[in-house]
Amino acid sequence: MLNPKYEVPSRKTLSNGLLESNYQRELAKLTDNLSKTTSLALTSDGWTNSNNTSFMAVTVHYINDESNLCSNLLECTEFPNKHTADNIAICLKNVAEKFKIHDKIQAVVTDNAANMKAGVRQTKFTHLPCFAHTLNLIVQNAVQKSISDTVEKIKTIVRFFKKNSTATHKLAEAQQKLGFIVLKLKQDVLTRWNSTYDMINRFHKNKIPILSCLDSMKYKHDLSTKDWLVMEQTVKVLQTFDHVTKVISAEKSVTISKMGILLNILRQKIGKEMSDELEPPVKKLISILIQGLLEKGKPYLENKLVNQAMLLDPRMKNHSFENDRDSDSMGTEMSNQREKIYLNSWTNLKRII
């Protein structure tokens with residue numbers, strides 16, 4: 001509009017010329033940044049889209065010259081091969097070779113899928129399971145083995161509202177009349193972290209509008225007073241997991257040093273929720289959650305990389321270890337490593353001189 005004589009670039013010009021030149025420029029910048037860093041971490045995941053096409057992605061995380069935490073996508077490509085450990089290992093090795101970062105990788109973070117863990121092990125890189133994904137697995141397992149009856153009743157009613165536009169409209173009207181915020185009910189999804197907690201929390205908060213709407217539509221349900229008590233108590237128990245998951249999912253800060261203290265906080269807070277006044281399913285939920293934290297949290301607390309990070313973080317080192325002996329042991333080991341690095345550096349310097 002400002003310059004009628006200007007010719008807008010065609011689709012061919014954009015795809016064959018401008019897009020490629022921009023890509024090469026950004027690739028050169030990224031390659032230069034990676035050549036300057038001495039340590040980095042990778043995250044990787046595979047998935048299948050709605051067209052049944054498989055993809056594999058690899059992202060790199062590092063600190064640049066300006067001490068800023070950076071994340072860049074290194075690879076996102078179709079993955080026609082089976083998602084076996086061998087093929088995943090080949091993909092990771094190819095990416096490391098392409099960007100010449102093989103000797104800089106401190107850890108590769110993936111979900112807890114057996115093929116992903118085995119694939120990383122084959123590359124000889126250090127594997128670290130995604131902490132947020134681990135927490136999600138702990139919650140899913142505990143919910144399934146304790147309060148599944150109540151959860152299934154909630155799901156049935158949520159599906160009714162999702163599929164019935166009239167019911168959805170009536171629920172919104174009931175919320176408005178009763179002074180509630182007009183919000184749709186949530187359906188949980190296994191692959192979405194904390195979605196079961198979100199579903200139960202939203203459902204319980206809208207108890208009065210939901211019951212009013214179901215009554216007006218003569219919809220028969222089998223929710224009992226006990227189920228509403230289970231929901232109320234479950235929300236109190238699981239909200240700590242929700243908070244921790246959000247903390248550990250930060251994109252602008254390093255979170256590895258927080259694992260020890262967050263595991264301690266989860267065990268303590270959930271343990272305090274246990275009481276004789278709780279419904280039996282909720283008591284069982286708490287017991288299984290604590291057991292899950294002890295079992296699935298142990299590998300993190302025994303991981304050398306995690307221990308080093310906790311010790312080096314002055315905010316966490318006094319609160320993350322089980323006891324002073326573990327902290328002192330890791331401190332001694334890191335001091336020995338520092339001495340080796342110093343001696344190697346001094347030897348190399350003398351050679352140069």
# chains A, B, ... in the order shown; residues from 1 in each chain; ligands from 1
>>> residues_around(residues="Pro80 in chain A", least_positions_apart="2", cutoff="8 Å", atoms="only C-alpha atoms", output="MDAnalysis selection string")
chainID A and resid 53:55 78 82
>>> closest_atom_pairs(of="range 60-140 of chain A", to="range 289-303 of chain A", cutoff="9 Å", atoms="only C-alpha atoms", output="tab-separated table")
residue	atom	partner	partner_atom	distance
A:Leu128	CA	A:Tyr300	CA	8.1
A:Pro129	CA	A:Tyr300	CA	8.5
A:Phe131	CA	A:Tyr300	CA	8.5
A:Thr134	CA	A:Lys296	CA	7.2
A:Leu135	CA	A:Leu293	CA	8.0
A:Leu137	CA	A:Gly292	CA	8.9
A:Ile138	CA	A:Gly292	CA	5.6
A:Val139	CA	A:Leu289	CA	6.6
>>> select_by_dssp(residues="range 94-274 of chain A", states="helix (DSSP H, G or I)", output="number ranges by chain")
A: 94-98, 102-104, 114-123, 131-144, 148-163, 165-177, 195-205, 207-216, 225-248, 256-273
>>> atom_distance(atom1="CA of Leu312 in chain A", atom2="CA of Asn33 in chain A")
24.6 Å
>>> residues_around(residues="Val158 in chain A", least_positions_apart="6", cutoff="8 Å", atoms="only C-alpha atoms", output="PyMOL selection string")
chain A and resi 185-187
>>> write_last_selection(atoms="all heavy atoms", output="PDB file, in the first residue's frame")
ATOM      1  N   LEU A 185     -15.650 -27.831  31.373  1.00  0.00           N
ATOM      2  CA  LEU A 185     -15.018 -28.911  32.116  1.00  0.00           C
ATOM      3  C   LEU A 185     -13.815 -29.433  31.333  1.00  0.00           C
ATOM      4  O   LEU A 185     -13.762 -29.335  30.113  1.00  0.00           O
ATOM      5  CB  LEU A 185     -16.019 -30.045  32.353  1.00  0.00           C
ATOM      6  CG  LEU A 185     -17.261 -29.677  33.167  1.00  0.00           C
ATOM      7  CD1 LEU A 185     -18.154 -30.899  33.353  1.00  0.00           C
ATOM      8  CD2 LEU A 185     -16.884 -29.096  34.522  1.00  0.00           C
ATOM      9  N   LYS A 186     -12.854 -29.973  32.046  1.00  0.00           N
ATOM     10  CA  LYS A 186     -11.641 -30.478  31.418  1.00  0.00           C
ATOM     11  C   LYS A 186     -11.659 -31.999  31.369  1.00  0.00           C
ATOM     12  O   LYS A 186     -12.128 -32.646  32.293  1.00  0.00           O
ATOM     13  CB  LYS A 186     -10.404 -30.004  32.184  1.00  0.00           C
ATOM     14  CG  LYS A 186     -10.122 -28.521  32.054  1.00  0.00           C
ATOM     15  CD  LYS A 186      -8.799 -28.174  32.705  1.00  0.00           C
ATOM     16  CE  LYS A 186      -8.441 -26.700  32.478  1.00  0.00           C
ATOM     17  NZ  LYS A 186      -7.121 -26.370  33.031  1.00  0.00           N
ATOM     18  N   GLN A 187     -11.121 -32.529  30.274  1.00  0.00           N
ATOM     19  CA  GLN A 187     -10.967 -33.976  30.138  1.00  0.00           C
ATOM     20  C   GLN A 187      -9.496 -34.320  30.283  1.00  0.00           C
ATOM     21  O   GLN A 187      -8.641 -33.643  29.712  1.00  0.00           O
ATOM     22  CB  GLN A 187     -11.471 -34.432  28.759  1.00  0.00           C
ATOM     23  CG  GLN A 187     -11.386 -35.929  28.509  1.00  0.00           C
ATOM     24  CD  GLN A 187     -12.344 -36.726  29.395  1.00  0.00           C
ATOM     25  OE1 GLN A 187     -12.021 -37.029  30.544  1.00  0.00           O
ATOM     26  NE2 GLN A 187     -13.514 -37.050  28.873  1.00  0.00           N
TER      27      GLN A 187
END
>>> closest_residue(among="A:Met56, A:Ala113, A:Met1, A:Ala132", to="Val95 in chain A", atoms="only C-alpha atoms")
A:Met56
